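Written out below as structure tokens is the structure these notes cover.
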Amino acid sequence: MVISLNTLATEGALVVPYPAMLDVPHELVEHVSWLLHEHRRARNTRWRKLGCFKQALLTLVHLWKNETFSQLGVGFGISQATAWRYVDETLDVLAGWAPGLHEALTGLGEGDYVIV
């Protein structure tokens, strides 16, 4: 399958999507997917093009491989804008789940550290 990608960066070039591996534990994708599922359920959101698992995977691909939103969109069959919205939403969900600074510092043992 060849997809025409008309953006300023590609100037009408043809791109060929390909399957790839992401070097993260499957459990991480499942955990982020579960957080997204709970977020969607709490907000009673409507149908989405990608399910929670694929949205979690899309965000992790962006974070781990630093792929552009154009590349993500082509790879996951969505628009560049939708890829951006999905990554932004997932990052908001993860930020809400992450501990605050006080929580992170509480209970640290000798030799433990926190990267801020």
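A note on labels: chains of the structure tokens are A, B, ... as shown, every chain counts residues from 1, and ligands are counted from 1 in their shown order.
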
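For Pro25 of chain A, the list of residues within 12 Å, based on only C-alpha atoms and with local chain neighbours fewer than 5 positions off taken out, reads Glu30, His31, Val32, Leu57 and Leu60 of chain A.
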
What's around Met21 of chain A at 12 Å? Count only C-alpha atoms, leave out sequence neighbours fewer than 2 positions away in its own chain, and write the answer as a tab-separated table (two decimals) with N, CA and C atoms, in the first residue's frame.
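What ended up in around.tsv:
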chain	number	residue	atom	x	y	z
A	18	TYR	N	5.22	0.69	7.21
A	18	TYR	CA	5.82	-0.61	7.46
A	18	TYR	C	5.63	-0.99	8.92
A	19	PRO	N	5.55	-2.27	9.22
A	19	PRO	CA	5.44	-2.69	10.63
A	19	PRO	C	6.80	-2.53	11.30
A	23	ASP	N	10.57	-1.16	21.56
A	23	ASP	CA	11.28	-1.83	22.64
A	23	ASP	C	10.79	-1.35	24.01
A	24	VAL	N	9.54	-1.65	24.33
A	24	VAL	CA	8.98	-1.37	25.65
A	24	VAL	C	8.21	-2.61	26.11
A	25	PRO	N	8.08	-2.82	27.41
A	25	PRO	CA	7.31	-3.97	27.89
A	25	PRO	C	5.84	-3.86	27.49
A	26	HIS	N	5.26	-4.98	27.12
A	26	HIS	CA	3.84	-5.02	26.76
A	26	HIS	C	2.98	-4.51	27.91
A	57	LEU	N	-0.07	3.03	22.42
A	57	LEU	CA	1.07	2.65	21.59
A	57	LEU	C	1.56	3.83	20.76
A	60	LEU	N	3.55	6.13	23.02
A	60	LEU	CA	4.85	5.54	23.38
A	60	LEU	C	5.81	5.54	22.19
A	61	VAL	N	5.29	5.33	20.99
A	61	VAL	CA	6.14	5.42	19.79
A	61	VAL	C	6.69	6.85	19.66
A	64	TRP	N	9.33	7.28	22.60
A	64	TRP	CA	10.53	6.45	22.51
A	64	TRP	C	11.31	6.69	21.23
A	65	LYS	N	10.60	6.84	20.11
A	65	LYS	CA	11.29	6.94	18.82
A	65	LYS	C	11.33	8.36	18.27

Exercise for the section: Please provide the set of residues having any atom within 12 Å of His39 of chain A, restricted to only C-alpha atoms, with same-chain residues fewer than 5 positions apart removed, written as a ChimeraX atom specification. Expected result: /A:32-34,44-45,52,89-94,96-97

Completion exercise
From atom CA of Leu35 of chain A to atom CA of Pro99 of chain A the spacing works out at 14.5 Å

Residues of segment 47-96 of chain A in helix (DSSP H, G or I) according to DSSP, as a compact mmCIF listing (two decimals) with all heavy atoms, in the first residue's frame?
# COMPACT_ATOMS: atom_id res chain seq x y z
N CYS A 52 -8.05 2.41 22.94
CA CYS A 52 -7.12 2.83 24.00
C CYS A 52 -5.73 2.22 23.81
O CYS A 52 -4.71 2.91 24.01
CB CYS A 52 -7.68 2.44 25.36
SG CYS A 52 -9.19 3.34 25.78
N PHE A 53 -5.66 0.95 23.44
CA PHE A 53 -4.36 0.29 23.29
C PHE A 53 -3.53 0.95 22.19
O PHE A 53 -2.36 1.26 22.37
CB PHE A 53 -4.53 -1.20 23.01
CG PHE A 53 -3.24 -1.97 23.04
CD1 PHE A 53 -2.75 -2.47 24.23
CD2 PHE A 53 -2.51 -2.18 21.88
CE1 PHE A 53 -1.55 -3.17 24.28
CE2 PHE A 53 -1.31 -2.88 21.91
CZ PHE A 53 -0.83 -3.37 23.11
N LYS A 54 -4.17 1.20 21.05
CA LYS A 54 -3.43 1.82 19.93
C LYS A 54 -3.07 3.27 20.23
O LYS A 54 -2.03 3.75 19.81
CB LYS A 54 -4.22 1.70 18.63
CG LYS A 54 -4.19 0.30 18.08
CD LYS A 54 -4.57 0.27 16.64
CE LYS A 54 -4.38 -1.15 16.12
NZ LYS A 54 -4.65 -1.24 14.70
N GLN A 55 -3.92 3.98 20.99
CA GLN A 55 -3.58 5.34 21.37
C GLN A 55 -2.39 5.34 22.32
O GLN A 55 -1.49 6.17 22.20
CB GLN A 55 -4.77 6.04 22.04
CG GLN A 55 -4.47 7.48 22.42
CD GLN A 55 -5.67 8.21 22.99
OE1 GLN A 55 -6.81 7.77 22.87
NE2 GLN A 55 -5.42 9.33 23.64
N ALA A 56 -2.37 4.40 23.26
CA ALA A 56 -1.22 4.27 24.16
C ALA A 56 0.04 3.95 23.36
O ALA A 56 1.10 4.54 23.58
CB ALA A 56 -1.49 3.19 25.20
N LEU A 57 -0.07 3.03 22.42
CA LEU A 57 1.07 2.65 21.59
C LEU A 57 1.56 3.83 20.76
O LEU A 57 2.77 4.07 20.67
CB LEU A 57 0.67 1.47 20.69
CG LEU A 57 1.77 0.86 19.84
CD1 LEU A 57 2.89 0.32 20.72
CD2 LEU A 57 1.19 -0.26 18.98
N LEU A 58 0.64 4.58 20.18
CA LEU A 58 0.99 5.76 19.40
C LEU A 58 1.81 6.74 20.24
O LEU A 58 2.85 7.24 19.80
CB LEU A 58 -0.30 6.44 18.91
CG LEU A 58 -0.15 7.81 18.27
CD1 LEU A 58 -0.59 7.73 16.82
CD2 LEU A 58 -0.98 8.83 19.00
N THR A 59 1.37 7.00 21.46
CA THR A 59 2.08 7.94 22.34
C THR A 59 3.46 7.41 22.71
O THR A 59 4.45 8.15 22.70
CB THR A 59 1.26 8.22 23.60
OG1 THR A 59 -0.01 8.75 23.21
CG2 THR A 59 1.97 9.21 24.51
N LEU A 60 3.55 6.13 23.02
CA LEU A 60 4.85 5.54 23.38
C LEU A 60 5.81 5.54 22.19
O LEU A 60 7.01 5.75 22.36
CB LEU A 60 4.65 4.15 23.95
CG LEU A 60 3.92 4.13 25.31
CD1 LEU A 60 3.58 2.70 25.71
CD2 LEU A 60 4.74 4.83 26.37
N VAL A 61 5.29 5.33 20.99
CA VAL A 61 6.14 5.42 19.79
C VAL A 61 6.69 6.85 19.66
O VAL A 61 7.87 7.05 19.39
CB VAL A 61 5.36 5.02 18.52
CG1 VAL A 61 6.12 5.41 17.25
CG2 VAL A 61 5.06 3.53 18.52
N HIS A 62 5.83 7.82 19.89
CA HIS A 62 6.27 9.22 19.82
C HIS A 62 7.35 9.51 20.86
O HIS A 62 8.36 10.14 20.56
CB HIS A 62 5.08 10.15 20.01
CG HIS A 62 5.44 11.59 20.06
ND1 HIS A 62 5.95 12.28 18.97
CD2 HIS A 62 5.39 12.49 21.07
CE1 HIS A 62 6.19 13.52 19.31
NE2 HIS A 62 5.87 13.68 20.58
N LEU A 63 7.15 9.03 22.09
CA LEU A 63 8.10 9.32 23.16
C LEU A 63 9.41 8.55 23.00
O LEU A 63 10.48 9.10 23.23
CB LEU A 63 7.47 8.98 24.52
CG LEU A 63 6.30 9.87 24.94
CD1 LEU A 63 5.68 9.33 26.22
CD2 LEU A 63 6.74 11.30 25.11
N TRP A 64 9.33 7.28 22.60
CA TRP A 64 10.53 6.45 22.51
C TRP A 64 11.31 6.69 21.23
O TRP A 64 12.52 6.70 21.23
CB TRP A 64 10.15 4.96 22.60
CG TRP A 64 10.42 4.36 23.94
CD1 TRP A 64 11.45 3.52 24.25
CD2 TRP A 64 9.69 4.54 25.15
NE1 TRP A 64 11.39 3.17 25.58
CE2 TRP A 64 10.30 3.78 26.15
CE3 TRP A 64 8.56 5.27 25.48
CZ2 TRP A 64 9.84 3.73 27.45
CZ3 TRP A 64 8.09 5.22 26.78
CH2 TRP A 64 8.74 4.46 27.74
N LYS A 65 10.60 6.84 20.11
CA LYS A 65 11.29 6.94 18.82
C LYS A 65 11.33 8.36 18.27
O LYS A 65 11.93 8.60 17.24
CB LYS A 65 10.61 6.02 17.81
CG LYS A 65 10.68 4.54 18.22
CD LYS A 65 9.99 3.66 17.22
CE LYS A 65 10.92 3.47 16.04
NZ LYS A 65 10.37 2.58 15.03
N PHE A 69 4.47 13.88 14.19
CA PHE A 69 3.03 13.62 14.15
C PHE A 69 2.59 13.19 12.75
O PHE A 69 1.65 12.41 12.61
CB PHE A 69 2.25 14.83 14.64
CG PHE A 69 2.51 15.13 16.09
CD1 PHE A 69 3.15 16.28 16.48
CD2 PHE A 69 2.13 14.23 17.07
CE1 PHE A 69 3.40 16.55 17.81
CE2 PHE A 69 2.37 14.48 18.41
CZ PHE A 69 3.00 15.64 18.78
N SER A 70 3.27 13.66 11.72
CA SER A 70 2.98 13.22 10.35
C SER A 70 3.29 11.73 10.21
O SER A 70 2.48 10.97 9.66
CB SER A 70 3.81 13.99 9.33
OG SER A 70 3.43 15.33 9.31
N GLN A 71 4.45 11.31 10.70
CA GLN A 71 4.82 9.89 10.63
C GLN A 71 3.87 9.04 11.44
O GLN A 71 3.47 7.96 11.00
CB GLN A 71 6.26 9.71 11.14
CG GLN A 71 7.30 10.32 10.25
CD GLN A 71 8.66 10.38 10.92
OE1 GLN A 71 8.78 10.58 12.13
NE2 GLN A 71 9.72 10.22 10.12
N LEU A 72 3.50 9.51 12.63
CA LEU A 72 2.56 8.76 13.46
C LEU A 72 1.21 8.62 12.76
O LEU A 72 0.60 7.55 12.77
CB LEU A 72 2.36 9.46 14.81
CG LEU A 72 3.53 9.44 15.77
CD1 LEU A 72 3.26 10.37 16.94
CD2 LEU A 72 3.81 8.04 16.26
N GLY A 73 0.76 9.72 12.18
CA GLY A 73 -0.53 9.69 11.49
C GLY A 73 -0.57 8.67 10.37
O GLY A 73 -1.50 7.88 10.26
N VAL A 74 0.47 8.66 9.56
CA VAL A 74 0.54 7.70 8.46
C VAL A 74 0.60 6.28 9.01
O VAL A 74 -0.09 5.38 8.55
CB VAL A 74 1.74 8.00 7.54
CG1 VAL A 74 1.96 6.87 6.55
CG2 VAL A 74 1.54 9.31 6.80
N GLY A 75 1.44 6.07 10.01
CA GLY A 75 1.63 4.73 10.56
C GLY A 75 0.39 4.16 11.22
O GLY A 75 0.16 2.96 11.20
N PHE A 76 -0.44 5.04 11.82
CA PHE A 76 -1.62 4.57 12.53
C PHE A 76 -2.92 4.84 11.78
O PHE A 76 -4.00 4.58 12.29
CB PHE A 76 -1.69 5.21 13.93
CG PHE A 76 -0.72 4.59 14.90
CD1 PHE A 76 0.60 5.00 14.96
CD2 PHE A 76 -1.13 3.57 15.75
CE1 PHE A 76 1.50 4.43 15.85
CE2 PHE A 76 -0.26 2.99 16.64
CZ PHE A 76 1.06 3.41 16.69
N GLN A 80 -2.56 13.97 10.95
CA GLN A 80 -1.50 14.56 11.77
C GLN A 80 -2.12 15.25 12.99
O GLN A 80 -1.62 15.12 14.10
CB GLN A 80 -0.71 15.55 10.93
CG GLN A 80 0.38 16.28 11.68
CD GLN A 80 1.14 17.25 10.78
OE1 GLN A 80 1.06 17.19 9.56
NE2 GLN A 80 1.89 18.13 11.39
N ALA A 81 -3.21 15.97 12.78
CA ALA A 81 -3.88 16.68 13.89
C ALA A 81 -4.42 15.70 14.93
O ALA A 81 -4.32 15.94 16.14
CB ALA A 81 -4.99 17.57 13.35
N THR A 82 -4.99 14.60 14.47
CA THR A 82 -5.52 13.60 15.39
C THR A 82 -4.39 12.95 16.18
O THR A 82 -4.52 12.72 17.38
CB THR A 82 -6.35 12.55 14.64
OG1 THR A 82 -7.43 13.22 13.96
CG2 THR A 82 -6.92 11.50 15.57
N ALA A 83 -3.28 12.68 15.51
CA ALA A 83 -2.12 12.11 16.21
C ALA A 83 -1.67 13.07 17.31
O ALA A 83 -1.40 12.64 18.45
CB ALA A 83 -0.98 11.84 15.23
N TRP A 84 -1.61 14.34 17.02
CA TRP A 84 -1.21 15.34 18.01
C TRP A 84 -2.19 15.34 19.19
O TRP A 84 -1.77 15.36 20.35
CB TRP A 84 -1.13 16.73 17.38
CG TRP A 84 -0.71 17.77 18.36
CD1 TRP A 84 0.56 18.11 18.70
CD2 TRP A 84 -1.57 18.59 19.16
NE1 TRP A 84 0.55 19.10 19.66
CE2 TRP A 84 -0.75 19.41 19.96
CE3 TRP A 84 -2.96 18.70 19.27
CZ2 TRP A 84 -1.27 20.33 20.86
CZ3 TRP A 84 -3.47 19.62 20.17
CH2 TRP A 84 -2.62 20.43 20.94
N ARG A 85 -3.50 15.34 18.90
CA ARG A 85 -4.51 15.35 19.97
C ARG A 85 -4.41 14.10 20.83
O ARG A 85 -4.53 14.18 22.06
CB ARG A 85 -5.91 15.47 19.37
CG ARG A 85 -6.28 16.87 18.94
CD ARG A 85 -7.78 17.03 18.67
NE ARG A 85 -8.34 15.99 17.83
CZ ARG A 85 -8.37 16.02 16.50
NH1 ARG A 85 -7.87 17.05 15.85
NH2 ARG A 85 -8.91 15.04 15.81
N TYR A 86 -4.22 12.94 20.22
CA TYR A 86 -4.11 11.70 20.98
C TYR A 86 -2.88 11.70 21.89
O TYR A 86 -2.96 11.30 23.05
CB TYR A 86 -4.04 10.49 20.05
CG TYR A 86 -5.37 10.04 19.49
CD1 TYR A 86 -5.42 8.99 18.59
CD2 TYR A 86 -6.57 10.62 19.85
CE1 TYR A 86 -6.62 8.54 18.06
CE2 TYR A 86 -7.77 10.19 19.33
CZ TYR A 86 -7.80 9.15 18.44
OH TYR A 86 -8.98 8.70 17.94
N VAL A 87 -1.75 12.16 21.38
CA VAL A 87 -0.54 12.22 22.20
C VAL A 87 -0.73 13.23 23.33
O VAL A 87 -0.40 12.95 24.49
CB VAL A 87 0.71 12.57 21.35
CG1 VAL A 87 1.91 12.91 22.23
CG2 VAL A 87 1.05 11.43 20.40
N ASP A 88 -1.29 14.37 23.03
CA ASP A 88 -1.53 15.40 24.05
C ASP A 88 -2.46 14.88 25.15
O ASP A 88 -2.19 15.07 26.34
CB ASP A 88 -2.11 16.65 23.39
CG ASP A 88 -2.19 17.83 24.33
OD1 ASP A 88 -1.15 18.19 24.91
OD2 ASP A 88 -3.30 18.39 24.49
N GLU A 89 -3.53 14.21 24.75
CA GLU A 89 -4.46 13.66 25.73
C GLU A 89 -3.78 12.61 26.61
O GLU A 89 -3.94 12.61 27.83
CB GLU A 89 -5.67 13.02 25.02
CG GLU A 89 -6.65 12.39 25.99
CD GLU A 89 -7.78 11.67 25.28
OE1 GLU A 89 -7.55 11.08 24.21
OE2 GLU A 89 -8.90 11.71 25.83
N THR A 90 -3.01 11.73 26.01
CA THR A 90 -2.33 10.68 26.77
C THR A 90 -1.33 11.27 27.74
O THR A 90 -1.23 10.83 28.89
CB THR A 90 -1.64 9.68 25.82
OG1 THR A 90 -2.60 9.19 24.88
CG2 THR A 90 -1.04 8.52 26.59
N LEU A 91 -0.60 12.28 27.32
CA LEU A 91 0.36 12.93 28.22
C LEU A 91 -0.34 13.60 29.39
O LEU A 91 0.15 13.56 30.52
CB LEU A 91 1.23 13.92 27.45
CG LEU A 91 2.19 13.31 26.42
CD1 LEU A 91 2.95 14.41 25.69
CD2 LEU A 91 3.14 12.33 27.07
N ASP A 92 -1.52 14.19 29.16
CA ASP A 92 -2.30 14.77 30.25
C ASP A 92 -2.73 13.69 31.24
O ASP A 92 -2.67 13.89 32.45
CB ASP A 92 -3.52 15.50 29.72
CG ASP A 92 -3.20 16.85 29.12
OD1 ASP A 92 -2.08 17.36 29.34
OD2 ASP A 92 -4.08 17.41 28.42
N VAL A 93 -3.16 12.54 30.72
CA VAL A 93 -3.58 11.43 31.58
C VAL A 93 -2.39 10.94 32.41
O VAL A 93 -2.51 10.71 33.61
CB VAL A 93 -4.20 10.29 30.75
CG1 VAL A 93 -4.37 9.03 31.56
CG2 VAL A 93 -5.54 10.73 30.16
N LEU A 94 -1.25 10.77 31.77
CA LEU A 94 -0.06 10.31 32.49
C LEU A 94 0.39 11.33 33.54
O LEU A 94 0.80 10.95 34.64
CB LEU A 94 1.08 10.03 31.50
CG LEU A 94 0.90 8.80 30.62
CD1 LEU A 94 2.00 8.73 29.58
CD2 LEU A 94 0.88 7.54 31.46
N ALA A 95 0.32 12.61 33.21
CA ALA A 95 0.71 13.65 34.17
C ALA A 95 -0.21 13.64 35.38
O ALA A 95 0.24 13.84 36.52
CB ALA A 95 0.70 15.01 33.50
N GLY A 96 -1.49 13.40 35.16
CA GLY A 96 -2.44 13.33 36.27
C GLY A 96 -2.21 12.12 37.16
O GLY A 96 -2.52 12.14 38.35

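Each of A:Ile115, A:Ile78, A:Val29, A:Ala98 was compared to Leu50 of chain A using only C-alpha atoms, and A:Ile78 turns out to be the nearest.
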
Practice task
Determine which residues of chain A receive a DSSP assignment of strand (DSSP E), computed from the backbone, and state them as a PyMOL selection string.
Solution key: chain A and resi 3-4+14-15

For the residues in that selection, give me all heavy atoms as a PDB file, in the first residue's frame.
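Saved result, out_32.pdb, follows:
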ATOM      1  N   ILE A   3       0.796   5.483   0.236  1.00  0.00           N
ATOM      2  CA  ILE A   3      -0.066   6.567   0.666  1.00  0.00           C
ATOM      3  C   ILE A   3       0.555   7.880   0.236  1.00  0.00           C
ATOM      4  O   ILE A   3       1.734   8.125   0.472  1.00  0.00           O
ATOM      5  CB  ILE A   3      -0.222   6.548   2.203  1.00  0.00           C
ATOM      6  CG1 ILE A   3      -0.850   5.226   2.637  1.00  0.00           C
ATOM      7  CG2 ILE A   3      -1.065   7.724   2.678  1.00  0.00           C
ATOM      8  CD1 ILE A   3      -0.822   5.010   4.123  1.00  0.00           C
ATOM      9  N   SER A   4      -0.245   8.734  -0.405  1.00  0.00           N
ATOM     10  CA  SER A   4       0.243  10.057  -0.774  1.00  0.00           C
ATOM     11  C   SER A   4       0.166  10.942   0.456  1.00  0.00           C
ATOM     12  O   SER A   4      -0.866  11.041   1.096  1.00  0.00           O
ATOM     13  CB  SER A   4      -0.616  10.639  -1.893  1.00  0.00           C
ATOM     14  OG  SER A   4      -0.191  11.949  -2.181  1.00  0.00           O
ATOM     15  N   LEU A  14       5.528  10.011  -1.973  1.00  0.00           N
ATOM     16  CA  LEU A  14       4.783   8.816  -1.609  1.00  0.00           C
ATOM     17  C   LEU A  14       5.505   8.133  -0.467  1.00  0.00           C
ATOM     18  O   LEU A  14       6.731   8.008  -0.476  1.00  0.00           O
ATOM     19  CB  LEU A  14       4.660   7.871  -2.797  1.00  0.00           C
ATOM     20  CG  LEU A  14       3.859   8.422  -3.979  1.00  0.00           C
ATOM     21  CD1 LEU A  14       3.894   7.428  -5.128  1.00  0.00           C
ATOM     22  CD2 LEU A  14       2.438   8.705  -3.570  1.00  0.00           C
ATOM     23  N   VAL A  15       4.750   7.696   0.532  1.00  0.00           N
ATOM     24  CA  VAL A  15       5.346   7.000   1.667  1.00  0.00           C
ATOM     25  C   VAL A  15       4.762   5.602   1.746  1.00  0.00           C
ATOM     26  O   VAL A  15       3.636   5.363   1.340  1.00  0.00           O
ATOM     27  CB  VAL A  15       5.116   7.758   2.998  1.00  0.00           C
ATOM     28  CG1 VAL A  15       5.811   9.096   2.981  1.00  0.00           C
ATOM     29  CG2 VAL A  15       3.640   7.943   3.265  1.00  0.00           C
TER      30      VAL A  15
END

Handout entry: Tyr113 of chain A environment, 12 Å, only C-alpha atoms, sequence neighbours closer than 5 positions dropped, as an MDAnalysis selection string
Key = chainID A and resid 101 104:108

Can I get the selection written as an mmCIF file, in the first residue's frame, with C-alpha atoms?
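This went into selection.cif:
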data_model
loop_
_atom_site.group_PDB
_atom_site.id
_atom_site.type_symbol
_atom_site.label_atom_id
_atom_site.label_comp_id
_atom_site.auth_asym_id
_atom_site.auth_seq_id
_atom_site.Cartn_x
_atom_site.Cartn_y
_atom_site.Cartn_z
ATOM 1 C CA LEU A 101 7.163 16.125 44.073
ATOM 2 C CA ALA A 104 7.974 11.258 45.104
ATOM 3 C CA LEU A 105 10.348 12.431 47.832
ATOM 4 C CA THR A 106 8.456 10.710 50.650
ATOM 5 C CA GLY A 107 9.876 7.332 51.518
ATOM 6 C CA LEU A 108 13.131 7.639 49.607
#

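Atom CA of Arg43 of chain A to atom CA of Glu103 of chain A spans 26.2 Å [interatomic distance, one decimal].
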
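From atom CA of His37 of chain A back to atom CA of Ser79 of chain A, the distance works out to 21.5 Å.
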
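Closest approach to Leu22 of chain A among A:Gly109, A:Arg40, A:Glu67, A:Lys49: A:Glu67, based on only C-alpha atoms.
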